[in-house]
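Chemist: Take a look at query26.csv, CSV, C-alpha atoms:
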chain,number,residue,atom,x,y,z
R,1,MET,CA,-58.6,9.7,-209.4
R,2,SER,CA,-59.8,10.4,-212.9
R,3,HIS,CA,-57.0,8.1,-214.2
R,4,SER,CA,-58.2,5.1,-212.2
R,5,ASP,CA,-61.8,5.8,-213.1
R,6,SER,CA,-61.0,5.6,-216.8
R,7,ALA,CA,-58.9,2.5,-216.2
R,8,HIS,CA,-61.8,0.8,-214.5
R,9,SER,CA,-64.2,1.6,-217.3
R,10,ASP,CA,-61.8,0.2,-219.9
R,11,TRP,CA,-61.3,-3.0,-217.9
R,12,LYS,CA,-62.7,-6.2,-219.6
R,13,LEU,CA,-62.9,-9.8,-218.4
R,14,GLY,CA,-59.5,-11.4,-218.8
R,15,ASP,CA,-57.6,-8.2,-218.4
R,16,PRO,CA,-54.9,-8.0,-215.6
R,17,PRO,CA,-56.5,-6.7,-212.4
R,18,ILE,CA,-56.0,-3.0,-211.9
R,19,VAL,CA,-53.5,-2.3,-209.2
R,20,HIS,CA,-52.9,1.3,-208.2
R,21,HIS,CA,-49.4,1.1,-206.9
R,22,MET,CA,-47.7,-0.4,-209.9
R,23,ASP,CA,-48.3,-1.1,-213.6
R,24,SER,CA,-49.4,-4.6,-214.6
R,25,HIS,CA,-46.0,-5.6,-216.0
R,26,THR,CA,-44.3,-4.8,-212.6
R,27,ALA,CA,-47.1,-6.7,-210.9
R,28,TYR,CA,-46.4,-9.7,-213.1
R,29,ASP,CA,-42.7,-9.6,-212.2
R,30,ALA,CA,-43.5,-9.1,-208.5
R,31,ALA,CA,-45.9,-12.0,-208.4
R,32,ARG,CA,-43.3,-14.4,-209.9
R,33,LEU,CA,-40.6,-13.1,-207.5
R,34,GLY,CA,-43.1,-13.6,-204.6
R,35,MET,CA,-43.8,-17.1,-205.6
R,36,TRP,CA,-40.0,-17.9,-205.9
R,37,LEU,CA,-39.6,-16.6,-202.3
R,38,PHE,CA,-42.5,-18.8,-201.2
R,39,LEU,CA,-40.9,-21.8,-203.0
R,40,ALA,CA,-37.6,-21.0,-201.1
R,41,THR,CA,-39.5,-21.4,-197.8
R,42,GLU,CA,-40.9,-24.7,-199.1
R,43,ILE,CA,-37.5,-26.0,-200.0
R,44,LEU,CA,-36.3,-25.2,-196.4
R,45,LEU,CA,-39.4,-26.9,-195.0
R,46,PHE,CA,-38.4,-30.1,-196.7
R,47,GLY,CA,-34.7,-29.2,-196.1
R,48,GLY,CA,-35.0,-30.1,-192.4
R,49,LEU,CA,-36.4,-33.5,-193.3
R,50,PHE,CA,-33.7,-34.1,-195.9
R,51,ALA,CA,-31.0,-33.2,-193.4
R,52,ALA,CA,-32.5,-35.6,-190.9
R,53,TYR,CA,-32.7,-38.3,-193.5
R,54,LEU,CA,-29.2,-37.9,-194.7
R,55,PHE,CA,-27.8,-37.9,-191.2
R,56,TYR,CA,-29.6,-41.1,-190.2
R,57,HIS,CA,-28.8,-42.7,-193.5
R,58,TRP,CA,-25.2,-42.1,-192.7
R,59,MET,CA,-25.6,-43.4,-189.2
R,60,TYR,CA,-27.5,-46.5,-190.0
R,61,PHE,CA,-26.4,-47.2,-193.5
R,62,ALA,CA,-27.0,-51.0,-193.6
R,63,GLU,CA,-30.4,-50.8,-191.8
R,64,PHE,CA,-31.7,-48.0,-194.1
R,65,HIS,CA,-30.5,-50.0,-197.1
R,66,HIS,CA,-32.4,-53.0,-195.8
R,67,ALA,CA,-35.6,-51.0,-194.9
R,68,SER,CA,-35.5,-49.3,-198.3
R,69,LYS,CA,-35.5,-52.6,-200.1
R,70,SER,CA,-38.9,-53.3,-198.7
R,71,LEU,CA,-40.4,-50.4,-200.6
R,72,ASN,CA,-41.8,-51.1,-204.0
R,73,TRP,CA,-39.4,-49.2,-206.4
R,74,GLN,CA,-41.6,-50.1,-209.4
R,75,LEU,CA,-44.5,-48.2,-207.9
R,76,GLY,CA,-42.2,-45.4,-206.8
R,77,GLY,CA,-40.7,-45.2,-210.3
R,78,LEU,CA,-44.2,-45.2,-211.9
R,79,ASN,CA,-45.1,-42.3,-209.7
R,80,THR,CA,-42.0,-40.5,-210.8
R,81,ILE,CA,-43.0,-40.9,-214.4
R,82,VAL,CA,-46.6,-39.7,-213.6
R,83,LEU,CA,-45.3,-36.6,-211.8
R,84,LEU,CA,-42.7,-35.8,-214.5
R,85,PHE,CA,-45.5,-36.1,-217.1
R,86,SER,CA,-47.8,-33.9,-215.0
R,87,SER,CA,-45.0,-31.2,-214.9
R,88,TYR,CA,-44.9,-31.4,-218.7
R,89,LEU,CA,-48.6,-30.9,-218.9
R,90,ALA,CA,-48.5,-28.0,-216.5
R,91,VAL,CA,-45.9,-26.2,-218.5
R,92,MET,CA,-47.9,-26.9,-221.7
R,93,ALA,CA,-50.9,-25.3,-220.0
R,94,VAL,CA,-48.9,-22.1,-219.4
R,95,ASP,CA,-47.6,-22.2,-222.9
R,96,SER,CA,-51.2,-22.6,-224.2
R,97,VAL,CA,-52.6,-19.8,-222.2
R,98,LYS,CA,-49.8,-17.5,-223.3
R,99,LEU,CA,-50.7,-18.4,-226.9
R,100,GLY,CA,-54.3,-17.5,-226.3
R,101,LYS,CA,-55.5,-21.1,-226.5
R,102,SER,CA,-57.6,-21.1,-223.4
R,103,GLU,CA,-59.6,-24.2,-224.2
R,104,LYS,CA,-56.3,-26.2,-224.6
R,105,ALA,CA,-54.9,-24.6,-221.4
R,106,TYR,CA,-58.0,-25.8,-219.5
R,107,LYS,CA,-57.5,-29.3,-220.8
R,108,TYR,CA,-53.8,-29.4,-219.9
R,109,LEU,CA,-54.6,-28.1,-216.4
R,110,MET,CA,-57.3,-30.8,-215.9
R,111,ALA,CA,-54.9,-33.5,-217.2
R,112,THR,CA,-52.2,-32.2,-214.7
R,113,ILE,CA,-54.8,-32.6,-211.9
R,114,GLY,CA,-55.6,-36.1,-213.2
R,115,CYS,CA,-51.9,-37.0,-212.9
R,116,GLY,CA,-51.9,-35.7,-209.4
R,117,PHE,CA,-54.9,-38.0,-208.7
R,118,ILE,CA,-53.2,-41.0,-210.2
R,119,PHE,CA,-50.1,-40.2,-208.1
R,120,LEU,CA,-52.2,-40.2,-204.9
R,121,ILE,CA,-53.9,-43.5,-205.7
R,122,ILE,CA,-50.6,-45.2,-206.3
R,123,LYS,CA,-49.3,-43.7,-203.1
R,124,ALA,CA,-52.4,-44.9,-201.2
R,125,PHE,CA,-51.7,-48.5,-202.4
R,126,GLU,CA,-48.1,-48.2,-201.2
R,127,TYR,CA,-49.2,-46.9,-197.8
R,128,HIS,CA,-51.8,-49.7,-197.5
R,129,ALA,CA,-49.1,-52.3,-198.2
R,130,LYS,CA,-46.9,-50.8,-195.4
R,131,TYR,CA,-49.8,-50.5,-193.1
R,132,SER,CA,-50.9,-54.1,-193.5
R,133,HIS,CA,-47.4,-55.2,-192.7
R,134,GLY,CA,-47.6,-53.1,-189.5
R,135,LEU,CA,-45.0,-50.7,-190.6
R,136,PHE,CA,-46.9,-47.5,-189.8
R,137,PRO,CA,-45.5,-45.3,-187.0
R,138,GLY,CA,-47.7,-45.6,-183.9
R,139,MET,CA,-49.1,-49.0,-184.6
R,140,ASP,CA,-48.6,-51.7,-181.8
R,141,THR,CA,-46.7,-53.9,-184.2
R,142,PHE,CA,-44.5,-51.0,-185.2
R,143,ASN,CA,-43.8,-50.1,-181.6
R,144,SER,CA,-43.0,-53.7,-180.6
R,145,GLU,CA,-39.5,-54.9,-180.2
R,146,ALA,CA,-39.8,-56.9,-183.4
R,147,HIS,CA,-38.4,-54.1,-185.4
R,148,GLN,CA,-35.0,-52.5,-184.9
R,149,VAL,CA,-35.0,-48.8,-183.9
R,150,GLU,CA,-33.1,-48.0,-187.0
R,151,TYR,CA,-35.8,-49.7,-189.1
R,152,LYS,CA,-38.4,-47.6,-187.3
R,153,MET,CA,-36.3,-44.5,-188.0
R,154,PHE,CA,-36.4,-45.2,-191.7
R,155,PHE,CA,-40.2,-45.6,-191.9
R,156,GLY,CA,-40.8,-42.6,-189.6
R,157,LEU,CA,-38.9,-40.5,-192.1
R,158,TYR,CA,-40.4,-42.2,-195.1
R,159,PHE,CA,-44.0,-41.5,-193.9
R,160,CYS,CA,-43.1,-37.9,-192.8
R,161,MET,CA,-41.5,-37.0,-196.1
R,162,THR,CA,-43.9,-38.7,-198.4
R,163,ALA,CA,-47.0,-37.5,-196.5
R,164,LEU,CA,-45.8,-33.9,-196.4
R,165,HIS,CA,-45.2,-34.2,-200.2
R,166,ALA,CA,-48.6,-35.8,-200.8
R,167,PHE,CA,-50.1,-32.9,-198.8
R,168,HIS,CA,-48.4,-30.6,-201.3
R,169,VAL,CA,-49.8,-32.6,-204.2
R,170,ILE,CA,-53.3,-32.1,-202.9
R,171,LEU,CA,-52.7,-28.4,-202.4
R,172,GLY,CA,-51.3,-28.1,-205.9
R,173,MET,CA,-54.3,-29.9,-207.3
R,174,GLY,CA,-56.6,-27.5,-205.6
R,175,LEU,CA,-54.6,-24.5,-206.9
R,176,LEU,CA,-54.6,-25.8,-210.5
R,177,LEU,CA,-58.3,-26.6,-210.3
R,178,TRP,CA,-59.0,-23.0,-209.3
R,179,ALA,CA,-56.8,-21.8,-212.2
R,180,ALA,CA,-58.4,-24.2,-214.7
R,181,LEU,CA,-61.9,-23.0,-213.8
R,182,LYS,CA,-60.9,-19.4,-214.1
R,183,VAL,CA,-59.3,-20.0,-217.4
R,184,ARG,CA,-62.5,-21.7,-218.7
R,185,ALA,CA,-64.5,-18.7,-217.4
R,186,GLY,CA,-62.3,-16.3,-219.3
R,187,HIS,CA,-60.8,-14.6,-216.2
R,188,PHE,CA,-57.3,-15.7,-217.2
R,189,SER,CA,-56.2,-15.4,-220.8
R,190,SER,CA,-53.2,-14.4,-222.9
R,191,LYS,CA,-53.6,-10.9,-221.5
R,192,TYR,CA,-53.5,-12.0,-217.9
R,193,TYR,CA,-52.1,-15.4,-216.9
R,194,THR,CA,-50.1,-14.7,-213.8
R,195,PRO,CA,-52.1,-17.1,-211.5
R,196,VAL,CA,-51.7,-19.9,-214.1
R,197,GLU,CA,-47.9,-19.4,-214.3
R,198,VAL,CA,-47.5,-19.1,-210.6
R,199,GLY,CA,-49.7,-22.1,-209.9
R,200,ALA,CA,-47.6,-24.1,-212.4
R,201,LEU,CA,-44.4,-23.0,-210.5
R,202,TYR,CA,-45.9,-24.5,-207.4
R,203,TRP,CA,-46.7,-27.7,-209.2
R,204,HIS,CA,-43.1,-27.9,-210.6
R,205,LEU,CA,-41.7,-27.6,-207.0
R,206,VAL,CA,-43.8,-30.6,-205.9
R,207,ASP,CA,-42.2,-32.5,-208.9
R,208,LEU,CA,-38.7,-31.2,-207.9
R,209,ILE,CA,-39.1,-32.5,-204.4
R,210,TRP,CA,-40.2,-35.9,-205.6
R,211,ILE,CA,-37.2,-36.0,-208.0
R,212,TYR,CA,-35.0,-36.1,-204.8
R,213,LEU,CA,-37.4,-38.3,-202.7
R,214,PHE,CA,-37.6,-41.1,-205.2
R,215,PRO,CA,-33.9,-42.1,-205.3
R,216,LEU,CA,-33.3,-41.3,-201.7
R,217,LEU,CA,-36.1,-43.4,-200.3
R,218,TYR,CA,-36.6,-46.2,-202.9
R,219,LEU,CA,-33.3,-46.7,-204.6
R,220,VAL,CA,-30.2,-45.9,-202.5
R,221,GLY,CA,-31.9,-46.2,-199.1
K,1,MET,CA,-47.9,-16.9,-231.9
K,2,SER,CA,-49.6,-14.4,-229.7
K,3,HIS,CA,-49.1,-11.2,-227.8
K,4,SER,CA,-48.4,-12.1,-224.3
K,5,GLN,CA,-49.3,-10.3,-221.1
K,6,THR,CA,-46.1,-8.4,-221.2
K,7,GLY,CA,-46.9,-7.0,-224.6
K,8,SER,CA,-44.1,-9.0,-226.4
K,9,THR,CA,-44.8,-11.6,-229.0
K,10,TYR,CA,-44.9,-15.1,-227.7
K,11,HIS,CA,-44.0,-18.3,-229.7
K,12,SER,CA,-44.8,-21.8,-228.4
K,13,HIS,CA,-42.0,-23.7,-226.6
K,14,GLY,CA,-43.9,-26.9,-226.8
K,15,ALA,CA,-41.2,-28.8,-228.8
K,16,LEU,CA,-38.6,-27.8,-226.3
K,17,TYR,CA,-40.8,-28.9,-223.3
K,18,LEU,CA,-41.4,-32.3,-224.9
K,19,LYS,CA,-37.6,-32.8,-225.4
K,20,VAL,CA,-37.1,-31.9,-221.7
K,21,PHE,CA,-39.8,-34.4,-220.7
K,22,TRP,CA,-38.1,-37.2,-222.7
K,23,ALA,CA,-34.7,-36.3,-221.2
K,24,LEU,CA,-36.2,-36.4,-217.6
K,25,LEU,CA,-37.7,-39.8,-218.4
K,26,ALA,CA,-34.3,-41.1,-219.7
K,27,LEU,CA,-32.6,-39.8,-216.6
K,28,THR,CA,-35.1,-41.5,-214.4
K,29,VAL,CA,-34.4,-44.8,-216.2
K,30,ILE,CA,-30.6,-44.2,-215.7
K,31,THR,CA,-31.2,-43.5,-212.0
K,32,VAL,CA,-32.9,-46.8,-211.5
K,33,ALA,CA,-30.3,-48.7,-213.6
K,34,VAL,CA,-27.4,-47.1,-211.8
K,35,SER,CA,-28.9,-48.0,-208.4
K,36,ARG,CA,-28.7,-51.7,-209.3
K,37,VAL,CA,-24.9,-51.4,-209.4
K,38,ASP,CA,-23.3,-51.4,-206.0
K,39,PHE,CA,-21.0,-48.4,-205.5
K,40,GLY,CA,-21.3,-48.6,-201.7
K,41,THR,CA,-21.5,-45.2,-200.1
K,42,TRP,CA,-21.1,-43.6,-203.6
K,43,ASN,CA,-24.6,-44.8,-204.7
K,44,ILE,CA,-26.2,-41.9,-202.8
K,45,VAL,CA,-23.8,-39.4,-204.4
K,46,VAL,CA,-24.5,-40.7,-207.9
K,47,ALA,CA,-28.2,-40.7,-207.3
K,48,MET,CA,-28.1,-37.1,-206.0
K,49,VAL,CA,-26.0,-35.9,-208.9
K,50,ILE,CA,-28.5,-37.3,-211.4
K,51,ALA,CA,-31.5,-35.9,-209.4
K,52,SER,CA,-29.8,-32.5,-209.4
K,53,ILE,CA,-29.4,-32.6,-213.2
K,54,LYS,CA,-33.1,-33.3,-213.4
K,55,ALA,CA,-34.0,-30.6,-210.9
K,56,LEU,CA,-31.9,-28.1,-212.9
K,57,MET,CA,-33.7,-28.9,-216.1
K,58,VAL,CA,-37.1,-28.5,-214.4
K,59,ALA,CA,-36.1,-25.2,-212.8
K,60,LEU,CA,-34.4,-23.7,-215.9
K,61,ILE,CA,-36.9,-24.7,-218.5
K,62,PHE,CA,-40.2,-25.7,-216.9
K,63,MET,CA,-40.0,-23.0,-214.3
K,64,HIS,CA,-38.6,-20.5,-216.8
K,65,LEU,CA,-35.6,-19.7,-214.5
K,66,SER,CA,-33.4,-19.2,-217.5
K,67,HIS,CA,-35.6,-16.2,-218.4
K,68,GLU,CA,-35.7,-14.7,-214.9
K,69,ASP,CA,-33.6,-11.8,-213.6
K,70,LYS,CA,-30.8,-11.9,-211.1
K,71,VAL,CA,-33.0,-11.3,-208.1
K,72,THR,CA,-35.1,-14.4,-208.9
K,73,TRP,CA,-31.9,-16.4,-209.3
K,74,LEU,CA,-30.9,-15.2,-205.8
K,75,TYR,CA,-34.2,-16.3,-204.4
K,76,ALA,CA,-33.8,-19.7,-206.1
K,77,ILE,CA,-30.2,-20.2,-204.9
K,78,PHE,CA,-30.2,-18.9,-201.3
K,79,PRO,CA,-32.4,-21.7,-199.9
K,80,LEU,CA,-29.9,-24.2,-201.4
K,81,ILE,CA,-27.0,-22.4,-199.6
K,82,LEU,CA,-29.0,-22.5,-196.3
K,83,MET,CA,-29.7,-26.2,-196.8
K,84,GLY,CA,-26.0,-26.8,-197.4
K,85,VAL,CA,-25.2,-25.0,-194.1
K,86,LEU,CA,-27.9,-27.0,-192.3
K,87,ILE,CA,-26.7,-30.4,-193.5
K,88,GLY,CA,-23.0,-29.4,-193.2
K,89,LEU,CA,-23.4,-28.3,-189.6
K,90,VAL,CA,-25.4,-31.4,-188.7
K,91,PHE,CA,-22.5,-33.6,-189.9
K,92,LEU,CA,-19.9,-31.3,-188.3
K,93,ASP,CA,-21.7,-31.2,-185.0
K,94,ASN,CA,-22.4,-34.9,-184.6
K,95,PRO,CA,-18.8,-36.3,-184.0
K,96,TYR,CA,-18.3,-33.9,-181.1
K,97,ARG,CA,-21.4,-34.8,-179.1
K,98,VAL,CA,-20.4,-36.5,-175.8
K,99,ASN,CA,-22.7,-37.8,-173.0
K,100,PRO,CA,-22.1,-36.7,-169.4
K,101,ASP,CA,-20.5,-40.1,-168.7
K,102,GLY,CA,-17.9,-39.5,-171.4
K,103,SER,CA,-19.4,-41.9,-174.0
K,104,TRP,CA,-20.3,-40.7,-177.5
K,105,GLU,CA,-23.9,-39.6,-177.7
K,106,TYR,CA,-24.1,-41.3,-181.1
K,107,PRO,CA,-22.2,-44.4,-181.9
K,108,LEU,CA,-20.1,-44.5,-185.1
K,109,PRO,CA,-21.9,-45.7,-188.2
K,110,LYS,CA,-22.4,-49.5,-188.0
K,111,SER,CA,-20.3,-50.2,-191.0
K,112,THR,CA,-17.2,-48.9,-189.3
K,113,GLU,CA,-18.1,-50.0,-185.8
K,114,ALA,CA,-17.2,-53.7,-186.4
K,115,ALA,CA,-13.4,-53.1,-186.5
K,116,PRO,CA,-12.8,-51.5,-183.0
K,117,ALA,CA,-15.4,-53.9,-181.4
K,118,ALA,CA,-13.2,-56.9,-182.4
K,119,HIS,CA,-10.6,-55.9,-179.8
K,120,HIS,CA,-12.9,-56.7,-176.8
Written as structure tokens, that's how I'd like the structure from this file.
Modeler:
Amino acid sequence: MSHSDSAHSDWKLGDPPIVHHMDSHTAYDAARLGMWLFLATEILLFGGLFAAYLFYHWMYFAEFHHASKSLNWQLGGLNTIVLLFSSYLAVMAVDSVKLGKSEKAYKYLMATIGCGFIFLIIKAFEYHAKYSHGLFPGMDTFNSEAHQVEYKMFFGLYFCMTALHAFHVILGMGLLLWAALKVRAGHFSSKYYTPVEVGALYWHLVDLIWIYLFPLLYLVG
Amino acid sequence: MSHSQTGSTYHSHGALYLKVFWALLALTVITVAVSRVDFGTWNIVVAMVIASIKALMVALIFMHLSHEDKVTWLYAIFPLILMGVLIGLVFLDNPYRVNPDGSWEYPLPKSTEAAPAAHH
């Protein structure tokens, strides 16, 4: 009791939160391990869609190839570069906060969020192009007999996979914005940066999934 | 240089991170270039190998997996094994699916279907 009281009185803004059941070093390790476990579930969430995509790609090889060609690989490639760069910015934010350069870390985090925003804008343009061609699942033109069922299968999977991924981009942006504001307010610093590092881990996973989505959907089809 | 959260001295890895970023960019260009060449079914294999090299670089360096302990590695690898089981079983199960009338539930892939159809 007296121990925790004295620990509380010594606590300053930017210090690790005081946890009673473990020391802060163990808490740091546990947080990263917990995030990796969560990322494992995320990989399996996308894993079902990847399995479905690979199966139907194998079944309808020619149709998927044809449907894939209608995607704009230049925009997909540009988005790949944007996400890879954002991952670099995120890891630099972690590097900066570890070095005690909070102002720099804040800027890197905001730049990462900016890249996420650019990614979503480019994605919106791609979605719009497909929508205006009537290739959005559920539309009358999409449901009509004009398109082969295999063609519909490709775009069904395309929209499921990229929309789930875009949803993760939005969540990651929110997480990093929260981390950035806390860094600027001095809550996270070189003494306590667990949430920044764990948030960056989440962002890297979003990048990792796109690394597979881009060649699967846009290139090899 | 700074004293990190764990109490140990921390030096910037910025130079390494920048190199990794350029390598990832180069591999992206290679992926696009290779996809222009027609390897048939092998295109997807080549693309997935390059993607996996990129993923490995992101995981090991950007996600600091190379500094993590064995338990974290286990957490990183087990979903890949489960995904392998899932995809493997999907492909293993499919050829043995038969409709009640005796026909195959799924036809063979279109690329190989042309040959037997020529007999009719």
Chemist: What is the distance between atom CA of R:Ala40 and atom CA of K:Leu80, in Å to one decimal?
Modeler: 8.3 Å
Chemist: Quote the spacing between atom CA of R:Phe159 and atom CA of R:Leu54 in Å to one decimal place.
Modeler: 15.3 Å
Chemist: Could you check the closest approach to R:Asp95 for each of K:Leu56, K:Leu86, K:Ile81, K:Leu16 and tell me which residue wins, using all atoms listed in the file?
Modeler: K:Leu16
Chemist: With a distance threshold of 8 Å and counting all atoms listed in the file, extract the residues of chain K near chain R and express them as JSON, numbers by chain.
Modeler: {"K": [1, 2, 3, 4, 5, 6, 10, 11, 12, 13, 14, 17, 18, 21, 24, 25, 28, 31, 32, 35, 43, 44, 47, 48, 51, 52, 54, 55, 58, 59, 62, 63, 71, 72, 75, 76, 78, 79, 80, 82, 83, 86, 87, 90, 91, 108, 109, 110, 111]}
Chemist: Quote the spacing between atom CA of R:His65 and atom CA of R:Leu135 in Å to one decimal place.
Modeler: 15.9 Å
Chemist: Smallest atom-to-atom distance to R:Phe154: which of R:Leu75, R:Met22, R:Leu217, R:Leu83, using only C-alpha atoms?
Modeler: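 Closest residue, counting only C-alpha atoms: R:Leu217.
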Chemist: Return the single residue from R:Trp11, R:Tyr151, R:Tyr108, R:Tyr158 that is closest to R:Leu177, with distances computed using all atoms listed in the file.
Modeler: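 When distances to R:Leu177 are compared using all atoms listed in the file, the smallest one comes from R:Tyr108.
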Chemist: Export stretch 56-75 of chain R of the preceding structure, keeping C-alpha atoms, as a PDB file, in the first residue's frame.
Modeler:
ATOM      1  CA  TYR R  56     -11.860 -18.789 -57.460  1.00  0.00           C
ATOM      2  CA  HIS R  57      -8.762 -17.480 -59.187  1.00  0.00           C
ATOM      3  CA  TRP R  58      -7.783 -21.085 -59.762  1.00  0.00           C
ATOM      4  CA  MET R  59     -11.323 -22.019 -60.868  1.00  0.00           C
ATOM      5  CA  TYR R  60     -11.869 -19.105 -63.257  1.00  0.00           C
ATOM      6  CA  PHE R  61      -8.334 -18.269 -64.273  1.00  0.00           C
ATOM      7  CA  ALA R  62      -9.129 -16.621 -67.633  1.00  0.00           C
ATOM      8  CA  GLU R  63     -12.168 -14.658 -66.371  1.00  0.00           C
ATOM      9  CA  PHE R  64     -10.290 -13.338 -63.340  1.00  0.00           C
ATOM     10  CA  HIS R  65      -7.409 -12.350 -65.569  1.00  0.00           C
ATOM     11  CA  HIS R  66      -9.818 -10.479 -67.856  1.00  0.00           C
ATOM     12  CA  ALA R  67     -11.655  -8.775 -64.952  1.00  0.00           C
ATOM     13  CA  SER R  68      -8.366  -7.842 -63.295  1.00  0.00           C
ATOM     14  CA  LYS R  69      -7.229  -6.062 -66.439  1.00  0.00           C
ATOM     15  CA  SER R  70     -10.120  -3.604 -66.040  1.00  0.00           C
ATOM     16  CA  LEU R  71      -8.598  -2.346 -62.784  1.00  0.00           C
ATOM     17  CA  ASN R  72      -6.281   0.658 -62.978  1.00  0.00           C
ATOM     18  CA  TRP R  73      -2.909  -0.809 -61.988  1.00  0.00           C
ATOM     19  CA  GLN R  74      -1.283   2.633 -62.139  1.00  0.00           C
ATOM     20  CA  LEU R  75      -3.582   3.902 -59.375  1.00  0.00           C
TER      21      LEU R  75
END
